[in-house]
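Below is the file target.csv, which contains CSV, C-alpha atoms.
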```
chain,number,residue,atom,x,y,z
A,1,ASN,CA,57.7,256.7,-99.0
A,2,GLY,CA,60.0,254.0,-97.7
A,3,TRP,CA,60.4,252.0,-100.9
A,4,THR,CA,64.1,251.3,-100.4
A,5,ILE,CA,63.7,250.0,-96.9
A,6,PHE,CA,60.6,248.0,-98.0
A,7,TYR,CA,62.7,246.4,-100.7
A,8,TRP,CA,65.5,245.5,-98.3
A,9,ALA,CA,62.9,243.9,-95.9
A,10,TRP,CA,61.5,241.9,-98.8
A,11,TRP,CA,64.9,240.6,-99.7
A,12,ILE,CA,65.6,239.7,-96.0
A,13,ALA,CA,62.4,237.7,-96.1
A,14,TRP,CA,63.8,235.8,-99.1
A,15,ALA,CA,67.2,235.4,-97.7
A,16,PRO,CA,66.8,231.9,-96.1
A,17,PHE,CA,65.6,230.6,-99.5
A,18,VAL,CA,67.9,232.4,-101.9
A,19,GLY,CA,70.9,232.1,-99.6
A,20,GLN,CA,70.7,228.3,-99.3
A,21,PHE,CA,69.8,227.8,-103.0
A,22,VAL,CA,72.7,230.0,-104.1
A,23,ALA,CA,75.1,228.3,-101.7
A,24,ARG,CA,74.1,224.9,-103.1
A,25,VAL,CA,74.7,225.8,-106.7
A,26,SER,CA,77.9,227.7,-105.8
A,27,LYS,CA,79.5,224.8,-104.0
A,28,GLY,CA,83.2,224.5,-104.9
A,29,ARG,CA,83.4,228.1,-106.3
A,30,SER,CA,85.9,230.6,-105.0
A,31,ILE,CA,84.7,233.7,-103.1
A,32,ARG,CA,85.8,235.9,-106.0
A,33,GLU,CA,83.7,233.8,-108.4
A,34,PHE,CA,80.8,233.9,-106.0
A,35,ILE,CA,80.8,237.6,-105.6
A,36,LEU,CA,81.2,238.1,-109.4
A,37,ALA,CA,78.4,235.7,-110.4
A,38,VAL,CA,75.9,236.4,-107.6
A,39,SER,CA,76.4,240.1,-106.8
A,40,LEU,CA,78.1,242.1,-109.6
A,41,LEU,CA,76.7,240.5,-112.7
A,42,PRO,CA,73.0,240.6,-111.7
A,43,SER,CA,73.2,244.1,-110.3
A,44,GLY,CA,75.2,245.3,-113.3
A,45,PHE,CA,72.6,243.8,-115.7
A,46,SER,CA,69.8,245.4,-113.6
A,47,LEU,CA,71.6,248.8,-113.8
A,48,ILE,CA,71.8,248.6,-117.6
A,49,TRP,CA,68.2,247.4,-117.9
A,50,ILE,CA,66.8,250.2,-115.7
A,51,ALA,CA,69.0,252.8,-117.3
A,52,ILE,CA,67.9,251.9,-120.8
A,53,TYR,CA,64.2,251.2,-120.2
A,54,GLY,CA,63.7,253.8,-117.5
A,55,GLY,CA,65.3,256.5,-119.6
A,56,ALA,CA,63.2,255.5,-122.6
A,57,ALA,CA,60.0,255.5,-120.4
A,58,PHE,CA,60.7,259.1,-119.2
A,59,ASN,CA,61.4,260.2,-122.7
A,60,LEU,CA,58.4,258.5,-124.4
A,61,ASN,CA,56.1,259.5,-121.6
A,62,THR,CA,56.9,263.1,-122.5
A,63,ILE,CA,56.5,262.6,-126.2
A,64,SER,CA,53.2,260.7,-125.8
A,65,GLY,CA,51.7,263.3,-123.5
A,66,GLY,CA,51.8,261.1,-120.4
A,67,ALA,CA,50.5,257.8,-121.8
A,68,ILE,CA,52.9,255.7,-119.8
A,69,GLU,CA,52.2,257.7,-116.6
A,70,ALA,CA,48.4,257.2,-117.1
A,71,ALA,CA,48.9,253.5,-117.6
A,72,VAL,CA,51.0,253.2,-114.4
A,73,GLY,CA,48.3,255.2,-112.5
A,74,ALA,CA,45.6,252.8,-113.7
A,75,ASP,CA,47.5,249.5,-113.2
A,76,TYR,CA,51.3,249.6,-112.6
A,77,THR,CA,51.6,246.0,-113.9
A,78,THR,CA,50.9,247.3,-117.4
A,79,ALA,CA,53.8,249.8,-117.3
A,80,LEU,CA,56.2,247.7,-119.2
A,81,TYR,CA,53.7,247.0,-122.0
A,82,ALA,CA,52.7,250.6,-122.2
A,83,LEU,CA,56.4,251.4,-122.9
A,84,LEU,CA,56.8,248.6,-125.4
A,85,GLN,CA,53.7,249.8,-127.3
A,86,GLN,CA,55.6,253.0,-128.0
A,87,LEU,CA,58.5,251.1,-129.5
A,88,PRO,CA,58.8,249.1,-132.7
A,89,LEU,CA,58.0,245.3,-132.9
A,90,TYR,CA,55.6,245.4,-130.1
A,91,GLY,CA,54.1,242.1,-131.2
A,92,ILE,CA,57.4,240.4,-130.6
A,93,THR,CA,58.7,242.2,-127.6
A,94,SER,CA,55.4,241.8,-125.7
A,95,ILE,CA,55.6,238.0,-126.1
A,96,LEU,CA,59.3,238.0,-125.2
A,97,ALA,CA,58.5,240.0,-122.0
A,98,ILE,CA,55.8,237.5,-121.0
A,99,PHE,CA,58.4,234.7,-121.6
A,100,LEU,CA,61.0,236.4,-119.4
A,101,ILE,CA,58.4,236.9,-116.6
A,102,VAL,CA,57.5,233.2,-116.7
A,103,VAL,CA,61.2,232.2,-116.5
A,104,CYS,CA,61.6,234.5,-113.5
A,105,PHE,CA,58.7,233.0,-111.7
A,106,VAL,CA,59.8,229.5,-112.6
A,107,GLY,CA,63.3,230.2,-111.3
A,108,ALA,CA,62.0,231.6,-108.0
A,109,ALA,CA,59.5,228.7,-107.6
A,110,ASN,CA,62.3,226.2,-108.3
A,111,SER,CA,64.6,227.6,-105.7
A,112,ALA,CA,61.8,227.7,-103.1
A,113,THR,CA,60.7,224.1,-103.7
A,114,TYR,CA,64.4,223.0,-103.6
A,115,VAL,CA,65.0,224.7,-100.2
A,116,LEU,CA,61.7,223.5,-98.7
A,117,ALA,CA,62.5,220.0,-99.8
A,118,MET,CA,66.0,220.2,-98.4
A,119,LEU,CA,64.8,221.5,-95.0
A,120,THR,CA,62.1,218.9,-94.7
A,121,SER,CA,64.4,216.0,-95.6
A,122,GLY,CA,66.9,216.6,-92.8
A,123,GLY,CA,69.2,218.9,-94.7
A,124,ASP,CA,69.7,216.6,-97.7
A,125,MET,CA,71.6,218.5,-100.4
A,126,ASP,CA,70.0,216.4,-103.1
A,127,PRO,CA,66.3,216.0,-102.0
A,128,ASP,CA,64.0,213.6,-103.7
A,129,LYS,CA,62.3,215.0,-106.8
A,130,LYS,CA,58.9,213.8,-105.6
A,131,LEU,CA,59.3,215.8,-102.5
A,132,ARG,CA,60.3,218.9,-104.5
A,133,GLY,CA,57.3,218.3,-106.8
A,134,GLY,CA,55.0,218.0,-103.8
A,135,TRP,CA,56.2,221.3,-102.4
A,136,GLY,CA,55.8,222.9,-105.9
A,137,ILE,CA,52.2,221.7,-106.1
A,138,ALA,CA,51.5,222.8,-102.6
A,139,GLN,CA,52.8,226.3,-103.4
A,140,GLY,CA,50.7,226.5,-106.5
A,141,LEU,CA,47.5,225.4,-104.8
A,142,ILE,CA,48.0,227.8,-101.9
A,143,THR,CA,48.5,230.7,-104.3
A,144,ILE,CA,45.4,229.7,-106.3
A,145,MET,CA,43.3,229.5,-103.2
A,146,LEU,CA,44.5,232.8,-101.9
A,147,ILE,CA,43.6,234.5,-105.2
A,148,LEU,CA,40.2,232.8,-105.4
A,149,VAL,CA,39.3,233.6,-101.8
A,150,GLY,CA,40.8,237.0,-101.2
A,151,GLY,CA,42.1,238.2,-104.6
A,152,THR,CA,45.2,240.2,-104.9
A,153,SER,CA,44.5,241.9,-101.5
A,154,ALA,CA,45.2,238.5,-99.8
A,155,LEU,CA,48.5,238.1,-101.6
A,156,LYS,CA,49.5,241.6,-100.5
A,157,ALA,CA,48.6,240.8,-96.9
A,158,LEU,CA,50.7,237.6,-97.1
A,159,GLN,CA,53.6,239.6,-98.5
A,160,THR,CA,53.3,242.1,-95.6
A,161,ALA,CA,53.1,239.3,-93.1
A,162,SER,CA,56.2,237.6,-94.5
A,163,ILE,CA,58.2,240.9,-94.3
A,164,VAL,CA,57.1,241.4,-90.7
A,165,ALA,CA,58.0,237.8,-89.8
A,166,ALA,CA,61.4,238.2,-91.5
A,167,PHE,CA,62.4,241.1,-89.1
A,168,PRO,CA,63.9,238.7,-86.4
A,169,TYR,CA,65.9,237.1,-89.2
A,170,MET,CA,67.7,240.4,-89.7
A,171,LEU,CA,69.4,239.9,-86.3
A,172,VAL,CA,70.5,236.4,-87.4
A,173,MET,CA,72.0,237.9,-90.6
A,174,LEU,CA,74.0,240.4,-88.5
A,175,VAL,CA,75.4,237.4,-86.5
A,176,MET,CA,76.1,235.7,-89.8
A,177,CYS,CA,78.0,238.7,-91.1
A,178,PHE,CA,80.3,238.6,-88.0
A,179,SER,CA,80.7,234.8,-88.4
A,180,ILE,CA,81.8,235.0,-92.0
A,181,PHE,CA,84.2,237.8,-91.2
A,182,LYS,CA,85.6,235.6,-88.4
A,183,ALA,CA,85.9,232.6,-90.7
A,184,LEU,CA,87.6,234.6,-93.5
A,185,THR,CA,90.1,236.1,-91.0
A,186,ALA,CA,90.9,232.6,-89.7
A,187,ASP,CA,91.2,231.3,-93.2
A,188,TYR,CA,93.6,234.1,-94.2
A,189,ALA,CA,95.8,233.5,-91.2
A,190,GLU,CA,95.9,229.8,-91.9
A,191,THR,CA,96.7,230.4,-95.5
A,192,GLN,CA,99.4,232.9,-94.7
A,193,LEU,CA,101.0,230.5,-92.2
A,194,LEU,CA,101.0,227.7,-94.8
A,195,MET,CA,102.6,230.0,-97.4
A,196,ASN,CA,105.3,231.0,-94.9
A,197,LYS,CA,106.1,227.4,-94.2
A,198,THR,CA,106.3,226.5,-97.9
A,199,GLY,CA,108.3,229.6,-98.8
A,200,PHE,CA,105.6,231.4,-100.7
A,201,ASN,CA,104.8,235.0,-99.9
A,202,ASP,CA,102.2,235.7,-102.5
A,203,ILE,CA,98.8,234.4,-101.4
A,204,GLY,CA,96.9,236.3,-104.0
A,205,SER,CA,96.3,233.2,-106.0
A,206,SER,CA,94.9,231.3,-103.0
A,207,GLN,CA,91.1,231.3,-103.0
A,208,ALA,CA,89.0,229.9,-100.2
A,209,PRO,CA,86.1,227.8,-101.6
A,210,VAL,CA,82.7,229.2,-100.8
A,211,ALA,CA,81.6,225.9,-99.3
A,212,ASP,CA,84.5,225.9,-96.9
A,213,VAL,CA,83.7,229.4,-95.7
A,214,GLN,CA,80.1,228.5,-95.2
A,215,GLU,CA,80.9,225.4,-93.3
```

Here is the file; what I need is its structure written in the form of structure tokens.
Amino acid sequence: NGWTIFYWAWWIAWAPFVGQFVARVSKGRSIREFILAVSLLPSGFSLIWIAIYGGAAFNLNTISGGAIEAAVGADYTTALYALLQQLPLYGITSILAIFLIVVCFVGAANSATYVLAMLTSGGDMDPDKKLRGGWGIAQGLITIMLILVGGTSALKALQTASIVAAFPYMLVMLVMCFSIFKALTADYAETQLLMNKTGFNDIGSSQAPVADVQE
């Protein structure tokens, strides 16, 4: 019933990890480049993906007499494969789908291990690889233990707990929004003053580095 709010809460729970990881890999980029690469391109790709495959799923579900809907009702994790079965080259696309899922998990795990290693090394922007590897092994072992002990229900309980624990961080994010607005306003005023002193009126080409704004 509240899928959208649940999704927002889930991303707030991920914000400390994703934010620090993206800030690290975006060091030296302009704000315009940051917004384009982090916000617009991923959301645009997701929009295209959902439009194509979502529309195809609705259409093929009608043609197949509800086969995709039945697959989702039985196990929603098989929905993508139920759709691909209705399309040509299923043997290739199913393997490609598994590969993309693995890449997604590896990317998320890599960002999590990097941030954990950075936080546990006193804020070192280039933490030791052994420390990162240790955190990666710890995450894997904890996940395996949860699955063996409590199954998927334990993972769902952990997800719910992480979302609840992330609620206070939402207040921190509101303060951060105000802080970045204040920083950008001060940067704009400083740049405008500099341009006036040097005789330039057009500051459109001046771009504040993301790292400077974050600092």

Nearest candidate to Asp126 (chain A) (options A:Val25, A:Ile12, A:Met145, A:Ala183; using only C-alpha atoms):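 Going through A:Val25, A:Ile12, A:Met145, A:Ala183 one by one, the smallest distance to Asp126 (chain A) is for A:Val25.
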
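Our summary of the geometry notes that CA of Ala112 (chain A) is positioned 17.6 Å from CA of Ala161 (chain A).
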
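Relative to CA of Phe34 (chain A), CA of Leu194 (chain A) is found at 23.9 Å.
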
Shortest interatomic distance to Thr120 (chain A) - which of A:Gly66, A:Gly150, A:Gly107, A:Gly134, counting all atoms listed in the file: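 Going through A:Gly66, A:Gly150, A:Gly107, A:Gly134 one by one, the smallest distance to Thr120 (chain A) is for A:Gly134.
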
CA of Lys156 (chain A) to CA of Leu80 (chain A), distance in Å rounded to a single decimal: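 Going from CA of Lys156 (chain A) over to CA of Leu80 (chain A) covers 20.8 Å.
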
Spatial neighbours of region 166-169 of chain A, max dist 8 Å, only C-alpha atoms, sep filter under 2 positions, as number ranges by chain: A: 9, 12-13, 162-164, 171-173

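Distance annotation: of A:Met170, A:Gly140, A:Asn61, A:Phe21, the residue with the minimal separation from Phe105 (chain A) is A:Gly140; atom set is all atoms listed in the file.
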
Leaving out Ala108 (chain A) and any residue of its chain fewer than 5 positions from it, which residues lie within 12 Å of it when counting all atoms listed in the file, given as a ChimeraX atom specification? /A:14,17-18,21-22,101-103,113-115,136,139

Could you tell me which of A:Leu40, A:Phe45, A:Leu184, A:Leu84 comes closest to Leu60 (chain A) if we count all atoms listed in the file? A:Leu84
